[in-house]
Amino acid sequence: MVSTQASRVLTALRTIAFEGNVLGMDLRERKKKILRAVIDEYVQTAEPVGSKTIAKDIGLTVSPATIRNDMAELESLGLLEQPHTSAGRIPTSSGYRVYVNELMEQYRLSLEETETINRALKSRIQQLDRIISDAGRITSQLTSYPAYALAAASNSITISRFDIIYVDSGTFIIVVMMSNKTVKNKLVHLPFTVEQTQLTKLSTLFNASFTNITEEKITPQLISSTERASNDSNGVVAVIAGFALELLSETKARETHITGASNLLEYPEYRDVDKAQRLLRYLSSEGEIAKLPVPEDSGGMKITIGSENLAEELRDSSVIVARYDAGDDMQGLIGVVGPTRMDYSKVAARLSYIARGLSALLSGSDKTPGILSDGTHNNTP
């Protein structure tokens, strides 16, 4: 029996052969046309596709028998598979990858679709603290797939200023301004007396040594040296440094939301209860969602298909994710998870438009991505 790893290598080699010059030019174009027709039909019906259907759909002047032979060759290349001996063919993950890379036509958002997205974005996103969950909800509703949304601040956010304000003999307030202009504060009650002169000295020391540095540079050695410089033997420096570390850690944390997970149950691919439950459990874990694929470039999009996903729970699913600019040195991700039988062109176009719309809104711009004169939108990935 061929091992799983060997099988994946063979599939990859078959895909490379298909993309090269293994097929003659005329045959190659015909087979690509057949592959595209099989995928388009399967996306719509979720049923194996036969040669007669393909002959009718693409209008080739060859017989169904010739198309059957071509489909058999596509199967030998690992791009189609036959679930049952008497059934038609369905695409493999490798077939979808060739489709996405070479055969997929650019989906053109209609004016009605863009207006619907713009209205949803403007009406739903009212408060900054709701933006992540709202973005996911909008995406799930517009694509009919489970959507996930997360944002992570850049490591470049630091503390730019400390003010330590005396209240009374055992109480003071720590006021911190971050480099992104947000201000945080904390009221501290101590079981011992702290003089105003000591707090003034601590403000000076913290502004000299703890500003404009990352969390990793606030080391035990830095804290110890500050304690010695301020003659602090009661742990006041540790309290202030602890608050600073807490704030810097929060700026690096990812807030993750998954919306519309139950949408999976509407697709025939997830009629198997065990399979659906495994995927739903995976999507319910914030830690796992944070590990999903990420576009390589700013403003980019990434599509991973079936077995290209590292997580076992996603081996029969596809993930499309786009990046957006969340402002204040933050970037967000908005993506969908669904069956490999996905309308990649349409979903990618809608997701890209949503990501650009979020970037525009979060930057304070009233402008939303527009429609070009040829009917395409100006943000297709």
# chains A, B, ... in the order shown; residues from 1 in each chain; ligands from 1

call {"tool": "residues_around", "arguments": {"residues": "Phe210 (chain A)", "least_positions_apart": "4", "cutoff": "9 Å", "atoms": "only C-alpha atoms", "output": "VMD selection string"}}
result
chain A and resid 159 to 162 205 to 206 214 217 to 218 222 241 244

call {"tool": "write_last_selection", "arguments": {"atoms": "N, CA and C atoms", "output": "PDB file, in the first residue's frame"}}
result
ATOM      1  N   ILE A 159       5.358  52.093  25.135  1.00  0.00           N
ATOM      2  CA  ILE A 159       4.903  53.132  26.071  1.00  0.00           C
ATOM      3  C   ILE A 159       5.738  54.383  25.822  1.00  0.00           C
ATOM      4  N   SER A 160       5.074  55.511  25.639  1.00  0.00           N
ATOM      5  CA  SER A 160       5.814  56.744  25.345  1.00  0.00           C
ATOM      6  C   SER A 160       5.955  57.662  26.566  1.00  0.00           C
ATOM      7  N   ARG A 161       5.115  57.443  27.606  1.00  0.00           N
ATOM      8  CA  ARG A 161       5.223  58.338  28.779  1.00  0.00           C
ATOM      9  C   ARG A 161       4.581  57.695  30.010  1.00  0.00           C
ATOM     10  N   PHE A 162       5.214  57.910  31.177  1.00  0.00           N
ATOM     11  CA  PHE A 162       4.668  57.516  32.479  1.00  0.00           C
ATOM     12  C   PHE A 162       4.396  58.766  33.311  1.00  0.00           C
ATOM     13  N   LEU A 205      12.522  57.958  36.540  1.00  0.00           N
ATOM     14  CA  LEU A 205      13.257  56.739  36.204  1.00  0.00           C
ATOM     15  C   LEU A 205      12.532  55.919  35.126  1.00  0.00           C
ATOM     16  N   PHE A 206      11.215  55.802  35.264  1.00  0.00           N
ATOM     17  CA  PHE A 206      10.460  55.009  34.284  1.00  0.00           C
ATOM     18  C   PHE A 206      10.442  55.689  32.916  1.00  0.00           C
ATOM     19  N   THR A 214      10.191  47.475  23.783  1.00  0.00           N
ATOM     20  CA  THR A 214       9.197  46.403  23.694  1.00  0.00           C
ATOM     21  C   THR A 214       9.120  45.623  24.996  1.00  0.00           C
ATOM     22  N   LYS A 217      12.155  43.732  26.379  1.00  0.00           N
ATOM     23  CA  LYS A 217      13.287  44.468  26.953  1.00  0.00           C
ATOM     24  C   LYS A 217      13.050  44.904  28.395  1.00  0.00           C
ATOM     25  N   ILE A 218      11.836  44.669  28.901  1.00  0.00           N
ATOM     26  CA  ILE A 218      11.586  44.952  30.324  1.00  0.00           C
ATOM     27  C   ILE A 218      11.957  43.688  31.085  1.00  0.00           C
ATOM     28  N   LEU A 222      16.477  44.987  34.431  1.00  0.00           N
ATOM     29  CA  LEU A 222      16.067  46.389  34.348  1.00  0.00           C
ATOM     30  C   LEU A 222      15.240  46.772  35.569  1.00  0.00           C
ATOM     31  N   ALA A 241       6.119  48.308  36.954  1.00  0.00           N
ATOM     32  CA  ALA A 241       6.642  47.534  35.831  1.00  0.00           C
ATOM     33  C   ALA A 241       5.659  46.441  35.419  1.00  0.00           C
ATOM     34  N   ALA A 244       3.073  47.950  33.242  1.00  0.00           N
ATOM     35  CA  ALA A 244       3.625  48.209  31.914  1.00  0.00           C
ATOM     36  C   ALA A 244       3.673  46.931  31.086  1.00  0.00           C
TER      37      ALA A 244
END

call {"tool": "select_by_dssp", "arguments": {"residues": "region 205-260 of chain A", "states": "helix (DSSP H, G or I)", "output": "mmCIF file with C-alpha atoms, in the first residue's frame"}}
result
data_model
loop_
_atom_site.group_PDB
_atom_site.id
_atom_site.type_symbol
_atom_site.label_atom_id
_atom_site.label_comp_id
_atom_site.auth_asym_id
_atom_site.auth_seq_id
_atom_site.Cartn_x
_atom_site.Cartn_y
_atom_site.Cartn_z
ATOM 1 C CA LEU A 205 13.257 56.739 36.204
ATOM 2 C CA PHE A 206 10.460 55.009 34.284
ATOM 3 C CA ASN A 207 10.378 57.712 31.597
ATOM 4 C CA ALA A 208 14.135 57.340 31.210
ATOM 5 C CA SER A 209 14.322 53.527 31.079
ATOM 6 C CA GLU A 215 7.881 43.984 26.296
ATOM 7 C CA GLU A 216 10.906 41.700 25.840
ATOM 8 C CA LYS A 217 13.287 44.468 26.953
ATOM 9 C CA PRO A 220 14.268 41.391 35.660
ATOM 10 C CA GLN A 221 17.656 43.084 35.445
ATOM 11 C CA LEU A 222 16.067 46.389 34.348
ATOM 12 C CA ILE A 223 13.523 46.178 37.166
ATOM 13 C CA SER A 224 16.245 45.394 39.746
ATOM 14 C CA SER A 225 18.419 48.290 38.631
ATOM 15 C CA THR A 226 15.429 50.662 38.868
ATOM 16 C CA GLU A 227 14.701 49.402 42.394
ATOM 17 C CA ARG A 228 18.288 50.153 43.417
ATOM 18 C CA ALA A 229 18.238 53.600 41.788
ATOM 19 C CA VAL A 236 6.644 49.682 44.216
ATOM 20 C CA VAL A 237 8.826 49.460 41.098
ATOM 21 C CA ALA A 238 7.606 45.900 40.513
ATOM 22 C CA VAL A 239 3.972 47.080 40.672
ATOM 23 C CA ILE A 240 4.534 49.795 38.068
ATOM 24 C CA ALA A 241 6.642 47.534 35.831
ATOM 25 C CA GLY A 242 3.998 44.810 36.084
ATOM 26 C CA PHE A 243 1.342 47.226 34.799
ATOM 27 C CA ALA A 244 3.625 48.209 31.914
ATOM 28 C CA LEU A 245 4.187 44.553 30.982
ATOM 29 C CA GLU A 246 0.454 43.873 31.154
ATOM 30 C CA LEU A 247 -0.301 46.734 28.729
ATOM 31 C CA LEU A 248 2.390 45.737 26.242
ATOM 32 C CA SER A 249 1.230 42.123 26.333
ATOM 33 C CA GLU A 250 -2.341 43.204 25.574
ATOM 34 C CA THR A 251 -1.223 45.068 22.444
ATOM 35 C CA LYS A 252 0.179 41.801 21.047
#

call {"tool": "residues_around", "arguments": {"residues": "Gly335 (chain A)", "least_positions_apart": "4", "cutoff": "6 Å", "atoms": "only C-alpha atoms", "output": "PyMOL selection string"}}
result
chain A and resi 147-148+320-321

call {"tool": "select_by_dssp", "arguments": {"residues": "region 62-240 of chain A", "states": "strand (DSSP E)", "output": "PyMOL selection string"}}
result
chain A and resi 80-81+90-91+147-153+159-168+171-178+183-189

call {"tool": "closest_residue", "arguments": {"among": "A:Thr158, A:Thr340, A:Ser169, A:Ser179", "to": "Ile213 (chain A)", "atoms": "only C-alpha atoms"}}
result
A:Thr158

call {"tool": "residues_around", "arguments": {"residues": "Ser285 (chain A)", "least_positions_apart": "4", "cutoff": "12 Å", "atoms": "only C-alpha atoms", "output": "number ranges by chain"}}
result
A: 148, 256-258, 261, 278-281, 289-292

call {"tool": "residues_around", "arguments": {"residues": "region 296-310 of chain A", "least_positions_apart": "4", "cutoff": "8 Å", "atoms": "only C-alpha atoms", "output": "number ranges by chain"}}
result
A: 93, 96-97, 314-325, 340, 352, 381

call {"tool": "closest_residue", "arguments": {"among": "A:Gly338, A:Val62, A:Ser86, A:Gly332", "to": "Leu362 (chain A)", "atoms": "only C-alpha atoms"}}
result
A:Gly332

call {"tool": "residues_around", "arguments": {"residues": "Leu80 (chain A)", "least_positions_apart": "3", "cutoff": "7 Å", "atoms": "only C-alpha atoms", "output": "ChimeraX atom specification"}}
result
/A:74-75,89-92,95

call {"tool": "write_last_selection", "arguments": {"atoms": "N, CA and C atoms", "output": "JSON list (two decimals), in the first residue's frame"}}
result
[["chain", "number", "residue", "atom", "x", "y", "z"],
["A", 74, "LEU", "N", -7.46, 13.16, -16.98],
["A", 74, "LEU", "CA", -7.41, 14.13, -15.88],
["A", 74, "LEU", "C", -7.41, 13.41, -14.53],
["A", 75, "GLU", "N", -8.13, 12.29, -14.48],
["A", 75, "GLU", "CA", -8.14, 11.49, -13.25],
["A", 75, "GLU", "C", -6.76, 10.89, -13.01],
["A", 89, "ARG", "N", -17.23, 12.24, -12.47],
["A", 89, "ARG", "CA", -16.04, 12.64, -11.74],
["A", 89, "ARG", "C", -16.31, 13.86, -10.86],
["A", 90, "ILE", "N", -15.45, 14.00, -9.84],
["A", 90, "ILE", "CA", -15.46, 15.19, -9.00],
["A", 90, "ILE", "C", -14.03, 15.70, -8.91],
["A", 91, "PRO", "N", -13.83, 16.99, -8.60],
["A", 91, "PRO", "CA", -12.46, 17.54, -8.53],
["A", 91, "PRO", "C", -11.73, 17.05, -7.28],
["A", 92, "THR", "N", -10.41, 16.97, -7.38],
["A", 92, "THR", "CA", -9.55, 16.74, -6.22],
["A", 92, "THR", "C", -9.02, 18.09, -5.74],
["A", 95, "GLY", "N", -6.94, 19.45, -8.37],
["A", 95, "GLY", "CA", -7.74, 20.02, -9.45],
["A", 95, "GLY", "C", -8.20, 21.42, -9.11]]

call {"tool": "atom_distance", "arguments": {"atom1": "CA of Ser140 (chain A)", "atom2": "CA of Arg119 (chain A)"}}
result
15.2 Å

call {"tool": "residues_around", "arguments": {"residues": "Leu265 (chain A)", "least_positions_apart": "6", "cutoff": "12 Å", "atoms": "only C-alpha atoms", "output": "list in words"}}
result
Ser144, Tyr145, Pro146, Arg271, Asp272, Val273, Asp274, Lys275, Ala276, Gln277, Leu279, Leu280, Gly338 and Pro339 of chain A

call {"tool": "closest_residue", "arguments": {"among": "A:Leu199, A:Val43, A:Met342, A:Val183", "to": "Thr171 (chain A)", "atoms": "only C-alpha atoms"}}
result
A:Leu199

call {"tool": "decode", "arguments": {"residues": "region 258-274 of chain A", "atoms": "N, CA and C atoms", "output": "PDB file, in the first residue's frame"}}
result
ATOM      1  N   ILE A 258     -15.352  33.773  15.602  1.00  0.00           N
ATOM      2  CA  ILE A 258     -15.865  32.914  14.542  1.00  0.00           C
ATOM      3  C   ILE A 258     -17.371  33.099  14.489  1.00  0.00           C
ATOM      4  N   THR A 259     -17.907  33.292  13.307  1.00  0.00           N
ATOM      5  CA  THR A 259     -19.331  33.566  13.141  1.00  0.00           C
ATOM      6  C   THR A 259     -19.915  32.643  12.073  1.00  0.00           C
ATOM      7  N   GLY A 260     -21.123  32.166  12.308  1.00  0.00           N
ATOM      8  CA  GLY A 260     -21.820  31.384  11.288  1.00  0.00           C
ATOM      9  C   GLY A 260     -21.317  29.968  11.138  1.00  0.00           C
ATOM     10  N   ALA A 261     -20.742  29.388  12.208  1.00  0.00           N
ATOM     11  CA  ALA A 261     -20.211  28.021  12.105  1.00  0.00           C
ATOM     12  C   ALA A 261     -21.304  27.024  11.709  1.00  0.00           C
ATOM     13  N   SER A 262     -22.527  27.275  12.149  1.00  0.00           N
ATOM     14  CA  SER A 262     -23.621  26.351  11.822  1.00  0.00           C
ATOM     15  C   SER A 262     -23.958  26.345  10.331  1.00  0.00           C
ATOM     16  N   ASN A 263     -23.463  27.332   9.577  1.00  0.00           N
ATOM     17  CA  ASN A 263     -23.693  27.339   8.131  1.00  0.00           C
ATOM     18  C   ASN A 263     -23.136  26.094   7.461  1.00  0.00           C
ATOM     19  N   LEU A 264     -22.104  25.499   8.082  1.00  0.00           N
ATOM     20  CA  LEU A 264     -21.506  24.289   7.508  1.00  0.00           C
ATOM     21  C   LEU A 264     -22.534  23.183   7.313  1.00  0.00           C
ATOM     22  N   LEU A 265     -23.484  23.096   8.235  1.00  0.00           N
ATOM     23  CA  LEU A 265     -24.446  22.000   8.209  1.00  0.00           C
ATOM     24  C   LEU A 265     -25.390  22.071   7.019  1.00  0.00           C
ATOM     25  N   GLU A 266     -25.388  23.208   6.302  1.00  0.00           N
ATOM     26  CA  GLU A 266     -26.236  23.348   5.125  1.00  0.00           C
ATOM     27  C   GLU A 266     -25.625  22.708   3.885  1.00  0.00           C
ATOM     28  N   TYR A 267     -24.352  22.293   3.957  1.00  0.00           N
ATOM     29  CA  TYR A 267     -23.667  21.763   2.786  1.00  0.00           C
ATOM     30  C   TYR A 267     -23.584  20.239   2.871  1.00  0.00           C
ATOM     31  N   PRO A 268     -23.834  19.544   1.754  1.00  0.00           N
ATOM     32  CA  PRO A 268     -23.848  18.072   1.773  1.00  0.00           C
ATOM     33  C   PRO A 268     -22.533  17.457   2.201  1.00  0.00           C
ATOM     34  N   GLU A 269     -21.411  18.177   2.004  1.00  0.00           N
ATOM     35  CA  GLU A 269     -20.115  17.636   2.399  1.00  0.00           C
ATOM     36  C   GLU A 269     -20.018  17.373   3.898  1.00  0.00           C
ATOM     37  N   TYR A 270     -20.877  18.025   4.686  1.00  0.00           N
ATOM     38  CA  TYR A 270     -20.793  17.901   6.141  1.00  0.00           C
ATOM     39  C   TYR A 270     -22.022  17.185   6.719  1.00  0.00           C
ATOM     40  N   ARG A 271     -22.626  16.335   5.895  1.00  0.00           N
ATOM     41  CA  ARG A 271     -23.744  15.533   6.410  1.00  0.00           C
ATOM     42  C   ARG A 271     -23.263  14.464   7.377  1.00  0.00           C
ATOM     43  N   ASP A 272     -22.015  14.057   7.230  1.00  0.00           N
ATOM     44  CA  ASP A 272     -21.408  13.121   8.180  1.00  0.00           C
ATOM     45  C   ASP A 272     -21.274  13.853   9.521  1.00  0.00           C
ATOM     46  N   VAL A 273     -22.024  13.400  10.516  1.00  0.00           N
ATOM     47  CA  VAL A 273     -22.087  14.102  11.799  1.00  0.00           C
ATOM     48  C   VAL A 273     -20.718  14.183  12.470  1.00  0.00           C
ATOM     49  N   ASP A 274     -19.972  13.077  12.460  1.00  0.00           N
ATOM     50  CA  ASP A 274     -18.649  13.077  13.100  1.00  0.00           C
ATOM     51  C   ASP A 274     -17.721  14.082  12.431  1.00  0.00           C
TER      52      ASP A 274
END
